[in-house]
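Colleague: What follows is a structure written as structure tokens; I'll ask about it next.
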Amino acid sequence: MIRFADQPERRWRDGGGATRELAVGPPSLVNEDGFAWRISVATIDADGPFSRFDGVDRSLLVLWR
């Protein structure tokens, strides 16, 4: 089982939020971050544009508790 609280929080480069990765695909040269796919949960702290990830298609789902 993957526990959300056990995943390290990584701040975004622009300071507008943070991400916790739940699962990440095998390393690849698809983009500069070196993943083929990724499932993560983001906390958005401020309005702003999405960061670019060339070669990555995004699917978004709003979560709340």
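Each chain in the structure tokens gets a letter, A, B and so on, in the order shown; residues start at 1 in every chain, and ligands are counted from 1 in the order they appear.
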Based on DSSP run over this structure's backbone, return all residues of chain A in strand (DSSP E or B), as a ChimeraX atom specification.
Modeller: /A:10-11,17-24,38-44
Colleague: Would you output that residue set with C-alpha atoms, as a compact mmCIF listing (two decimals), in the first residue's frame?
Modeller:
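Written out: selection-v3.txt:
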```
# COMPACT_ATOMS: atom_id res chain seq x y z
CA ARG A 10 8.71 18.32 -3.63
CA ARG A 11 8.13 22.05 -4.08
CA GLY A 17 2.69 24.47 -5.10
CA ALA A 18 4.08 21.05 -4.30
CA THR A 19 3.88 17.48 -5.60
CA ARG A 20 3.93 14.05 -3.96
CA GLU A 21 4.66 11.20 -6.39
CA LEU A 22 2.62 8.05 -5.81
CA ALA A 23 4.03 6.06 -8.73
CA VAL A 24 6.45 6.79 -11.57
CA ARG A 38 3.78 9.53 -13.38
CA ILE A 39 0.89 9.55 -10.91
CA SER A 40 1.17 12.34 -8.38
CA VAL A 41 -0.91 14.54 -6.11
CA ALA A 42 -0.34 18.28 -6.27
CA THR A 43 -1.19 20.98 -3.75
CA ILE A 44 -1.68 24.35 -5.42
```
Colleague: Report, in Å to a single decimal, how far apart atom CA of A:Arg52 and atom CA of A:Asp14 are.
Modeller: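 Computing the Euclidean distance for atom CA of A:Asp14 and atom CA of A:Arg52 yields 11.5 Å.
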